[in-house]
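Next comes protein18.pdb, with PDB, C-alpha atoms.
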```pdb
ATOM      1  CA  MET A   1     111.013-106.967 -45.513
ATOM      2  CA  GLY A   2     109.777-108.169 -42.117
ATOM      3  CA  GLY A   3     111.116-105.104 -40.312
ATOM      4  CA  PRO A   4     108.922-102.462 -42.034
ATOM      5  CA  LYS A   5     105.838-104.683 -41.757
ATOM      6  CA  LEU A   6     106.346-105.157 -38.019
ATOM      7  CA  CYS A   7     106.854-101.416 -37.600
ATOM      8  CA  LEU A   8     103.605-100.609 -39.418
ATOM      9  CA  LEU A   9     101.782-103.250 -37.363
ATOM     10  CA  GLY A  10     103.067-101.701 -34.144
ATOM     11  CA  ILE A  11     101.922 -98.212 -35.161
ATOM     12  CA  LEU A  12      98.503 -99.590 -36.050
ATOM     13  CA  LEU A  13      98.122-101.313 -32.669
ATOM     14  CA  ILE A  14      99.176 -98.173 -30.818
ATOM     15  CA  SER A  15      96.622 -96.077 -32.707
ATOM     16  CA  ILE A  16      93.866 -98.581 -31.901
ATOM     17  CA  PHE A  17      94.562 -99.170 -28.204
ATOM     18  CA  ARG A  18      95.904 -95.788 -27.131
ATOM     19  CA  THR A  19      94.176 -93.994 -24.251
ATOM     20  CA  PRO A  20      91.585 -91.485 -25.486
ATOM     21  CA  ASP A  21      92.531 -87.837 -25.064
ATOM     22  CA  VAL A  22      90.997 -86.222 -21.974
ATOM     23  CA  ARG A  23      89.487 -82.876 -22.857
ATOM     24  CA  ALA A  24      90.694 -80.052 -20.636
ATOM     25  CA  VAL A  25      87.876 -78.085 -19.052
ATOM     26  CA  THR A  26      87.465 -75.060 -16.816
ATOM     27  CA  ARG A  27      85.326 -75.801 -13.792
ATOM     28  CA  CYS A  28      84.455 -74.305 -10.413
ATOM     29  CA  ASP A  29      83.466 -75.223  -6.876
ATOM     30  CA  ALA A  30      81.121 -73.244  -4.612
ATOM     31  CA  PRO A  31      80.365 -74.924  -1.253
ATOM     32  CA  ALA A  32      77.116 -73.848   0.408
ATOM     33  CA  ALA A  33      77.329 -71.421   3.331
ATOM     34  CA  TYR A  34      75.001 -69.932   5.918
ATOM     35  CA  ARG A  35      73.530 -66.464   5.457
ATOM     36  CA  HIS A  36      76.037 -63.709   6.283
ATOM     37  CA  GLU A  37      78.864 -66.246   6.545
ATOM     38  CA  ARG A  38      82.007 -66.122   4.397
ATOM     39  CA  ALA A  39      81.854 -68.166   1.193
ATOM     40  CA  VAL A  40      84.295 -68.852  -1.646
ATOM     41  CA  ILE A  41      84.005 -69.680  -5.325
ATOM     42  CA  THR A  42      87.094 -71.483  -6.638
ATOM     43  CA  CYS A  43      87.861 -71.602 -10.363
ATOM     44  CA  TYR A  44      90.022 -74.392 -11.827
ATOM     45  CA  TYR A  45      91.534 -73.562 -15.228
ATOM     46  CA  GLU A  46      92.954 -75.875 -17.895
ATOM     47  CA  THR A  47      96.223 -73.884 -17.926
ATOM     48  CA  ASP A  48      98.120 -71.431 -15.757
ATOM     49  CA  VAL A  49      96.290 -68.204 -16.546
ATOM     50  CA  GLY A  50      99.006 -66.187 -14.848
ATOM     51  CA  PHE A  51     101.458 -67.566 -17.415
ATOM     52  CA  THR A  52      99.299 -67.522 -20.555
ATOM     53  CA  LYS A  53      97.956 -64.040 -19.709
ATOM     54  CA  LYS A  54      94.507 -64.906 -21.013
ATOM     55  CA  ASP A  55      91.714 -62.569 -19.971
ATOM     56  CA  PHE A  56      89.311 -64.291 -17.605
ATOM     57  CA  SER A  57      85.926 -63.742 -16.005
ATOM     58  CA  VAL A  58      83.273 -65.237 -13.755
ATOM     59  CA  TYR A  59      79.598 -64.812 -14.546
ATOM     60  CA  LYS A  60      76.508 -65.815 -12.621
ATOM     61  CA  ARG A  61      73.148 -67.081 -13.794
ATOM     62  CA  ASP A  62      70.600 -66.211 -11.124
ATOM     63  CA  VAL A  63      67.221 -67.785 -10.336
ATOM     64  CA  HIS A  64      65.597 -65.493 -12.908
ATOM     65  CA  ASP A  65      67.915 -66.756 -15.712
ATOM     66  CA  LYS A  66      69.713 -63.410 -15.754
ATOM     67  CA  TYR A  67      73.448 -63.480 -16.542
ATOM     68  CA  ILE A  68      75.687 -61.128 -14.569
ATOM     69  CA  ASP A  69      79.458 -60.655 -14.780
ATOM     70  CA  VAL A  70      80.675 -60.696 -11.179
ATOM     71  CA  LEU A  71      84.370 -60.621 -12.154
ATOM     72  CA  SER A  72      86.032 -59.483 -15.379
ATOM     73  CA  CYS A  73      89.845 -59.270 -15.695
ATOM     74  CA  SER A  74      92.128 -58.082 -18.494
ATOM     75  CA  TRP A  75      95.913 -58.427 -18.771
ATOM     76  CA  ARG A  76      96.438 -54.863 -19.952
ATOM     77  CA  THR A  77      98.435 -54.508 -16.725
ATOM     78  CA  THR A  78     100.185 -56.828 -14.279
ATOM     79  CA  PRO A  79      98.562 -57.751 -11.962
ATOM     80  CA  PRO A  80      95.454 -57.936 -14.148
ATOM     81  CA  ASP A  81      93.009 -55.056 -14.299
ATOM     82  CA  CYS A  82      89.784 -56.412 -12.781
ATOM     83  CA  LYS A  83      86.239 -55.219 -12.301
ATOM     84  CA  VAL A  84      84.539 -56.864  -9.325
ATOM     85  CA  SER A  85      80.839 -56.616  -8.499
ATOM     86  CA  ASP A  86      79.690 -55.445  -5.085
ATOM     87  CA  GLY A  87      79.547 -58.269  -2.570
ATOM     88  CA  TYR A  88      82.661 -60.043  -3.915
ATOM     89  CA  ILE A  89      86.406 -59.761  -3.250
ATOM     90  CA  PHE A  90      89.274 -60.789  -5.558
ATOM     91  CA  ASP A  91      92.923 -60.310  -4.544
ATOM     92  CA  GLY A  92      94.336 -60.486  -8.098
ATOM     93  CA  ASN A  93      96.113 -63.827  -7.694
ATOM     94  CA  VAL A  94      95.500 -66.374 -10.449
ATOM     95  CA  THR A  95      97.373 -69.491 -11.636
ATOM     96  CA  GLU A  96      95.646 -72.774 -12.470
ATOM     97  CA  THR A  97      93.194 -71.749  -9.756
ATOM     98  CA  MET A  98      91.510 -68.522  -8.717
ATOM     99  CA  ILE A  99      89.474 -67.733  -5.594
ATOM    100  CA  LEU A 100      86.577 -65.294  -5.509
ATOM    101  CA  VAL A 101      85.454 -64.463  -1.963
ATOM    102  CA  ILE A 102      81.947 -63.626  -0.804
ATOM    103  CA  PRO A 103      82.561 -61.945   2.587
ATOM    104  CA  SER A 104      78.896 -62.036   3.671
ATOM    105  CA  ALA A 105      76.717 -64.415   1.700
ATOM    106  CA  THR A 106      73.095 -63.470   0.998
ATOM    107  CA  GLU A 107      70.314 -64.619  -1.300
ATOM    108  CA  GLU A 108      71.635 -62.212  -3.942
ATOM    109  CA  GLN A 109      74.747 -64.381  -4.393
ATOM    110  CA  GLU A 110      72.788 -67.589  -4.954
ATOM    111  CA  GLY A 111      72.891 -68.955  -8.486
ATOM    112  CA  GLN A 112      74.939 -70.834 -11.052
ATOM    113  CA  TYR A 113      78.531 -69.637 -11.554
ATOM    114  CA  THR A 114      80.785 -70.189 -14.553
ATOM    115  CA  CYS A 115      84.516 -69.456 -14.787
ATOM    116  CA  GLN A 116      86.063 -68.874 -18.195
ATOM    117  CA  THR A 117      89.106 -67.656 -20.027
ATOM    118  CA  ILE A 118      88.653 -65.513 -23.121
ATOM    119  CA  PRO A 119      88.137 -66.908 -25.675
ATOM    120  CA  SER A 120      86.664 -70.238 -24.555
ATOM    121  CA  ASP A 121      84.618 -73.012 -26.078
ATOM    122  CA  PRO A 122      81.325 -73.262 -24.131
ATOM    123  CA  GLU A 123      81.682 -77.058 -24.198
ATOM    124  CA  ASP A 124      84.861 -76.691 -22.125
ATOM    125  CA  LEU A 125      83.103 -74.868 -19.275
ATOM    126  CA  VAL A 126      81.607 -76.696 -16.284
ATOM    127  CA  SER A 127      79.457 -74.540 -13.997
ATOM    128  CA  CYS A 128      78.797 -74.833 -10.266
ATOM    129  CA  ASN A 129      75.900 -73.782  -8.037
ATOM    130  CA  PHE A 130      76.074 -71.699  -4.874
ATOM    131  CA  THR A 131      73.211 -71.903  -2.382
ATOM    132  CA  LEU A 132      72.658 -70.810   1.184
ATOM    133  CA  LYS A 133      72.296 -73.381   3.934
ATOM    134  CA  ARG A 134      68.981 -73.154   5.759
ATOM    135  CA  LEU A 135      68.427 -73.675   9.487
ATOM    136  CA  GLU A 136      66.500 -76.868  10.208
ATOM    137  CA  VAL A 137      63.688 -76.311  12.712
ATOM    138  CA  THR A 138      61.443 -79.025  14.169
ATOM    139  CA  ALA A 139      58.773 -78.626  16.852
ATOM    140  CA  ASN A 140      57.203 -81.099  19.288
ATOM    141  CA  MET A 141      54.030 -80.403  21.286
ATOM    142  CA  ASN A 142      53.472 -81.892  24.732
ATOM    143  CA  THR A 143      51.685 -81.081  28.001
ATOM    144  CA  GLU A 144      53.023 -80.998  31.532
ATOM    145  CA  ASP A 145      51.270 -81.279  34.911
ATOM    146  CA  THR A 146      52.148 -78.355  37.191
ATOM    147  CA  PRO A 147      51.789 -78.190  40.995
ATOM    148  CA  THR A 148      49.037 -76.160  42.707
ATOM    149  CA  ALA A 149      50.202 -73.065  44.556
ATOM    150  CA  ASN A 150      48.426 -71.103  47.364
ATOM    151  CA  ASN A 151      48.998 -67.829  49.205
ATOM    152  CA  ASP A 152      47.367 -65.861  52.064
ATOM    153  CA  ASN A 153      45.110 -63.784  49.819
ATOM    154  CA  GLY A 154      43.735 -66.609  47.795
ATOM    155  CA  GLY A 155      44.765 -69.614  45.845
ATOM    156  CA  PHE A 156      45.534 -70.207  42.235
ATOM    157  CA  ALA A 157      46.324 -73.250  40.201
ATOM    158  CA  LEU A 158      48.189 -73.801  36.963
ATOM    159  CA  SER A 159      46.400 -75.971  34.451
ATOM    160  CA  ARG A 160      47.971 -78.568  32.200
ATOM    161  CA  LEU A 161      50.247 -76.436  30.107
ATOM    162  CA  PRO A 162      51.315 -76.962  26.517
ATOM    163  CA  SER A 163      54.995 -76.581  25.778
ATOM    164  CA  VAL A 164      56.785 -76.363  22.462
ATOM    165  CA  SER A 165      60.319 -77.668  22.000
ATOM    166  CA  CYS A 166      62.104 -76.281  18.959
ATOM    167  CA  VAL A 167      65.294 -77.952  17.761
ATOM    168  CA  ILE A 168      67.426 -75.618  15.659
ATOM    169  CA  MET A 169      70.417 -77.056  13.820
ATOM    170  CA  ARG A 170      73.212 -74.552  13.509
ATOM    171  CA  PRO A 171      77.046 -74.677  13.166
ATOM    172  CA  GLN A 172      79.155 -74.548  16.291
ATOM    173  CA  SER A 173      81.585 -72.097  14.717
ATOM    174  CA  VAL A 174      82.401 -70.446  11.429
ATOM    175  CA  SER A 175      85.020 -73.096  10.700
ATOM    176  CA  ASP A 176      82.366 -75.798  11.088
ATOM    177  CA  VAL A 177      80.341 -74.308   8.242
ATOM    178  CA  THR A 178      82.744 -75.578   5.580
ATOM    179  CA  ALA A 179      83.059 -78.920   7.395
ATOM    180  CA  GLY A 180      79.290 -79.350   7.462
ATOM    181  CA  LYS A 181      79.188 -79.836  11.255
ATOM    182  CA  GLN A 182      76.059 -78.894  13.140
ATOM    183  CA  SER A 183      74.929 -79.039  16.735
ATOM    184  CA  PRO A 184      71.334 -78.889  18.012
ATOM    185  CA  VAL A 185      70.082 -76.028  20.145
ATOM    186  CA  VAL A 186      66.877 -76.842  22.028
ATOM    187  CA  VAL A 187      64.581 -73.996  22.956
ATOM    188  CA  THR A 188      61.520 -74.843  25.084
ATOM    189  CA  LEU A 189      58.647 -72.385  25.303
ATOM    190  CA  LEU A 190      56.206 -72.981  28.199
ATOM    191  CA  GLY A 191      52.760 -71.409  27.969
ATOM    192  CA  VAL A 192      51.396 -70.414  31.376
ATOM    193  CA  MET A 193      47.670 -70.283  32.064
ATOM    194  CA  THR A 194      46.327 -69.425  35.540
ATOM    195  CA  ARG A 195      42.908 -69.449  37.134
ATOM    196  CA  ARG A 196      41.784 -68.151  40.464
ATOM    197  CA  THR A 197      40.495 -70.603  43.083
ATOM    198  CA  ALA A 198      38.155 -69.884  45.953
ATOM    199  CA  THR A 199      39.549 -69.688  49.512
TER     200      THR A 199
END
```
Structure encoded using structure tokens:
Amino acid sequence: MGGPKLCLLGILLISIFRTPDVRAVTRCDAPAAYRHERAVITCYYETDVGFTKKDFSVYKRDVHDKYIDVLSCSWRTTPPDCKVSDGYIFDGNVTETMILVIPSATEEQEGQYTCQTIPSDPEDLVSCNFTLKRLEVTANMNTEDTPTANNDNGGFALSRLPSVSCVIMRPQSVSDVTAGKQSPVVVTLLGVMTRRTAT
């Protein structure tokens, strides 16, 4: 009699203390990029879409709350038959992941992206946002004393001149965009004002 009771007790304990099921979701990643730089949107699926042959798509919600299908693929053929919006590139490869390329990012590509297989439960979809990186510009005003200059026909002097130093943060190379590396470029503009002096 003790054996069955112990068995039932064990099953009960397992059901109470078992690890909760982790819900599989489809999500994406869209790192920010500079204007006219290459950008990528990576979809991560709950299963191998190339094996299950589920139709899949990527849609975008823009800043005006308008939904646009930027990629729509059907497994009527192999590789899948896909419709891709202008400004995006898809090579047809899909497994648990899929990469959608933006060859030259602009403001038109900014927005919230969602990857999905068809059909999908909306609760299983996690969206991502793509935005453009902006150049950071700061300016400092200062004045500089300049020497007086003379010539045979008359003299002239330069007054105290204002100068503006602009610091522009930009990437050193295209590869540094994804790494988030920036280097400052300092541009100094010197305003020149002259006045004639008597000889």
How many Å separate CA of Leu125 (chain A) from CA of Ile41 (chain A)?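 One can read the CA of Leu125 (chain A) to CA of Ile41 (chain A) distance as 14.9 Å.
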Please write as a PDB file with C-alpha atoms, in the coordinates of the input the full residue list that the PyMOL selection byres ((chain A and resi 46) around 9) yields on this file.
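result_37.pdb written:
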```
ATOM      1  CA  ALA A  24      90.694 -80.052 -20.636  1.00  0.00           C
ATOM      2  CA  VAL A  25      87.876 -78.085 -19.052  1.00  0.00           C
ATOM      3  CA  THR A  26      87.465 -75.060 -16.816  1.00  0.00           C
ATOM      4  CA  ARG A  27      85.326 -75.801 -13.792  1.00  0.00           C
ATOM      5  CA  TYR A  44      90.022 -74.392 -11.827  1.00  0.00           C
ATOM      6  CA  TYR A  45      91.534 -73.562 -15.228  1.00  0.00           C
ATOM      7  CA  THR A  47      96.223 -73.884 -17.926  1.00  0.00           C
ATOM      8  CA  ASP A  48      98.120 -71.431 -15.757  1.00  0.00           C
ATOM      9  CA  VAL A  49      96.290 -68.204 -16.546  1.00  0.00           C
ATOM     10  CA  GLU A  96      95.646 -72.774 -12.470  1.00  0.00           C
TER      11      GLU A  96
END
```
Which residues match the PyMOL selection byres ((chain A and resi 69-84) around 12) in the file above, as a PyMOL selection string? chain A and resi 41+43+49-62+66-68+85-95+98-102+108-109+111-118
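Of the listed residues A:Asp65, A:Glu110, A:Glu136, A:Asn129, the one whose atoms come nearest to Thr42 (chain A) is A:Asn129, with distances taken using all atoms listed in the file.
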Just how far from CA of Leu135 (chain A) is CA of Pro31 (chain A), in Å to one decimal?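 Pair CA of Pro31 (chain A) / CA of Leu135 (chain A) returns 16.1 Å.
The shortest atom-to-atom distance to Cys28 (chain A), with all atoms listed in the file taken into account, belongs to A:Ser127 out of A:Val63, A:Arg134, A:Thr106, A:Ser127.
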Interatomic distance, CA of Glu123 (chain A) to CA of Ala39 (chain A) (Å, one decimal):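 According to the coordinates, CA of Glu123 (chain A) and CA of Ala39 (chain A) are separated by 26.9 Å.
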Residues near Ser104 (chain A), cut-off 7 Å, only C-alpha atoms, skip fewer than 3 positions along chain, as a PyMOL selection string: chain A and resi 36-38
Grab the residues selected above and save them as a PDB file, keeping the file's coordinate frame with C-alpha atoms.
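Listing of out_31.pdb after writing:
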```
ATOM      1  CA  HIS A  36      76.037 -63.709   6.283  1.00  0.00           C
ATOM      2  CA  GLU A  37      78.864 -66.246   6.545  1.00  0.00           C
ATOM      3  CA  ARG A  38      82.007 -66.122   4.397  1.00  0.00           C
TER       4      ARG A  38
END
```
